[in-house]
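What's in model20.csv: CSV, C-alpha atoms
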```csv
chain,number,residue,atom,x,y,z
W,24,MET,CA,25.8,-5.7,6.6
W,25,SER,CA,26.6,-9.2,7.6
W,26,SER,CA,24.4,-12.2,7.2
W,27,ALA,CA,24.2,-12.4,11.0
W,28,MET,CA,22.8,-8.9,11.1
W,29,TYR,CA,20.2,-9.8,8.5
W,30,GLU,CA,19.2,-12.8,10.6
W,31,ARG,CA,18.9,-10.6,13.7
W,32,MET,CA,16.6,-8.3,11.8
W,33,ARG,CA,14.5,-11.2,10.5
W,34,SER,CA,14.1,-12.8,13.9
W,35,ASN,CA,13.2,-9.4,15.5
W,36,PRO,CA,9.4,-9.5,16.5
W,37,LYS,CA,9.2,-5.9,15.3
W,38,PHE,CA,10.3,-7.1,11.8
W,39,GLN,CA,7.6,-9.8,11.9
W,40,HIS,CA,5.0,-7.2,12.8
W,41,LEU,CA,6.2,-4.9,10.1
W,42,VAL,CA,6.0,-7.6,7.4
W,43,ARG,CA,2.5,-8.6,8.5
W,44,THR,CA,1.2,-5.1,8.9
W,45,ARG,CA,2.7,-3.7,5.6
W,46,GLY,CA,1.6,-6.8,3.7
W,47,ARG,CA,-1.9,-6.7,5.0
W,48,PHE,CA,-2.2,-3.0,4.2
W,49,ALA,CA,-0.7,-3.4,0.7
W,50,TRP,CA,-3.1,-6.3,-0.1
W,51,THR,CA,-6.1,-4.3,1.1
W,52,LEU,CA,-5.2,-1.4,-1.1
W,53,ALA,CA,-4.4,-3.8,-4.1
W,54,ILE,CA,-7.8,-5.6,-3.7
W,55,THR,CA,-9.5,-2.2,-3.5
W,56,VAL,CA,-7.8,-0.9,-6.7
W,57,LEU,CA,-8.6,-4.2,-8.6
W,58,ALA,CA,-12.2,-4.2,-7.5
W,59,VAL,CA,-12.8,-0.6,-8.6
W,60,PHE,CA,-10.9,-1.0,-11.8
W,61,TYR,CA,-12.5,-4.3,-12.8
W,62,GLY,CA,-15.9,-3.1,-11.7
W,63,PHE,CA,-15.5,-0.3,-14.2
W,64,VAL,CA,-14.4,-2.8,-16.9
W,65,MET,CA,-17.4,-5.0,-16.1
W,66,LEU,CA,-19.7,-2.0,-16.5
W,67,VAL,CA,-18.1,-1.2,-19.9
W,68,ALA,CA,-18.6,-4.8,-21.0
W,69,PHE,CA,-22.1,-5.5,-19.6
W,70,ARG,CA,-23.8,-2.1,-19.1
W,71,PRO,CA,-22.4,0.4,-21.6
W,72,ALA,CA,-25.7,2.2,-22.0
W,73,PHE,CA,-25.6,3.0,-18.3
W,74,LEU,CA,-22.2,4.6,-18.7
W,75,GLY,CA,-23.5,6.8,-21.4
W,76,THR,CA,-26.5,8.0,-19.3
W,77,PRO,CA,-26.2,11.7,-18.2
W,78,VAL,CA,-25.8,12.2,-14.4
W,79,ARG,CA,-28.6,14.7,-14.6
W,80,GLU,CA,-31.2,15.2,-17.2
W,81,GLY,CA,-29.9,17.4,-20.0
W,82,GLY,CA,-26.4,17.4,-18.6
W,83,ALA,CA,-23.2,16.7,-20.5
W,84,LEU,CA,-21.5,14.7,-17.7
W,85,THR,CA,-22.2,11.0,-18.0
W,86,PHE,CA,-21.9,8.3,-15.4
W,87,GLY,CA,-19.0,6.8,-17.4
W,88,ILE,CA,-17.0,10.1,-17.2
W,89,ALA,CA,-17.9,10.6,-13.5
W,90,PHE,CA,-16.9,7.0,-12.7
W,91,GLY,CA,-13.6,7.4,-14.6
W,92,LEU,CA,-12.8,10.6,-12.7
W,93,PHE,CA,-13.7,8.9,-9.5
W,94,ILE,CA,-11.2,6.1,-10.4
W,95,PHE,CA,-8.3,8.5,-11.0
W,96,VAL,CA,-9.0,10.6,-7.8
W,97,SER,CA,-9.5,7.5,-5.7
W,98,PHE,CA,-6.2,5.9,-6.9
W,99,TRP,CA,-4.3,9.1,-6.2
W,100,LEU,CA,-5.8,9.2,-2.7
W,101,LEU,CA,-5.0,5.6,-2.1
W,102,THR,CA,-1.4,6.2,-3.2
W,103,ALA,CA,-1.1,9.2,-1.0
W,104,LEU,CA,-2.5,7.1,1.9
W,105,TYR,CA,0.1,4.4,1.3
W,106,ILE,CA,2.9,7.0,1.1
W,107,ARG,CA,1.8,8.7,4.2
W,108,ARG,CA,1.7,5.5,6.2
W,109,ALA,CA,5.0,4.2,4.8
W,110,ASN,CA,6.7,7.5,5.6
W,111,THR,CA,5.3,7.7,9.2
W,112,GLU,CA,4.8,4.2,10.5
W,113,PHE,CA,6.7,1.7,8.3
W,114,ASP,CA,9.9,3.8,7.8
W,115,GLY,CA,10.1,4.5,11.6
W,116,LEU,CA,9.7,0.8,12.4
W,117,THR,CA,12.3,-0.1,9.8
W,118,ALA,CA,14.8,2.3,11.3
W,119,GLU,CA,14.2,0.9,14.8
W,120,ILE,CA,14.8,-2.7,13.5
W,121,VAL,CA,18.1,-1.7,11.7
W,122,LYS,CA,19.3,0.2,14.8
W,123,GLU,CA,18.6,-2.7,17.1
W,124,ALA,CA,20.4,-5.1,14.7
W,125,ARG,CA,23.4,-2.8,14.5
W,126,GLN,CA,23.6,-2.5,18.2
W,127,ALA,CA,23.3,-6.3,18.6
W,128,GLU,CA,26.1,-6.8,16.0
W,129,HIS,CA,28.3,-4.2,17.7
W,130,ALA,CA,27.7,-5.9,21.1
W,131,ALA,CA,28.5,-9.3,19.5
W,132,GLY,CA,31.7,-7.9,18.0
W,133,LYS,CA,32.8,-6.6,21.5
W,134,GLU,CA,32.1,-10.0,23.0
W,135,ALA,CA,34.1,-11.8,20.3
W,136,ALA,CA,37.1,-9.5,20.9
```
Is it possible to express this structure as structure tokens?
Amino acid sequence: MSSAMYERMRSNPKFQHLVRTRGRFAWTLAITVLAVFYGFVMLVAFRPAFLGTPVREGGALTFGIAFGLFIFVSFWLLTALYIRRANTEFDGLTAEIVKEARQAEHAAGKEAA
């Protein structure tokens, strides 16, 4: 691809929208992951007794184990959510942007000839 084609893609309003949308979505997921993870770390640091408390009286499952499992499952789900959105929305928009840039480059090549 030529540098002119890259410039066409960067100046395309769809590209601007893609960068904004994908960036906002990625930051939202990143902040969510960090909040959950560091929330758990803070519990370990400041409330370790709570994490050792059984979820129900006489049970073997503690809040710490339950929260740890919740972290793993939620991170898998967030990853699946990102993959699904990337495969459906972001990849389709990227293909449109590249197609439009190639068409514009092809048209510009015909005009130059």
Discussion item. Need the shell around W:Gly87: protein/DNA/RNA residues with any atom at most 9 Å away, counting all atoms listed in the file. Skip same-chain ones fewer than 3 positions apart. Format as a list in words?
Written reply: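 The neighbour list is Phe63, Leu66, Val67, Pro71, Phe73, Leu74, Gly75, Thr76, Pro77, Leu84, Phe90, Gly91 and Leu92 of chain W.
When atom CA of W:Ile120 is paired with atom CA of W:Leu104, their separation reads 23.0 Å.
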Fill in: Gap from atom CA of W:Glu128 to atom CA of W:Lys37 - Å, one decimal
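Result for atom CA of W:Glu128 versus atom CA of W:Lys37: 16.9 Å, one decimal.
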Item to complete: May I ask which of the residues W:Ala131, W:Ala103, W:Val121, W:Leu116 is the closest one to W:His40, counting only C-alpha atoms?
Response: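 Selected residue with least distance to W:His40: W:Leu116.
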Discussion item. Between atom CA of W:Ala72 and atom CA of W:Val96, what is the distance in Å, rounded to a tenth?
Written reply: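 For atom CA of W:Ala72 relative to atom CA of W:Val96, the distance reads 23.5 Å.
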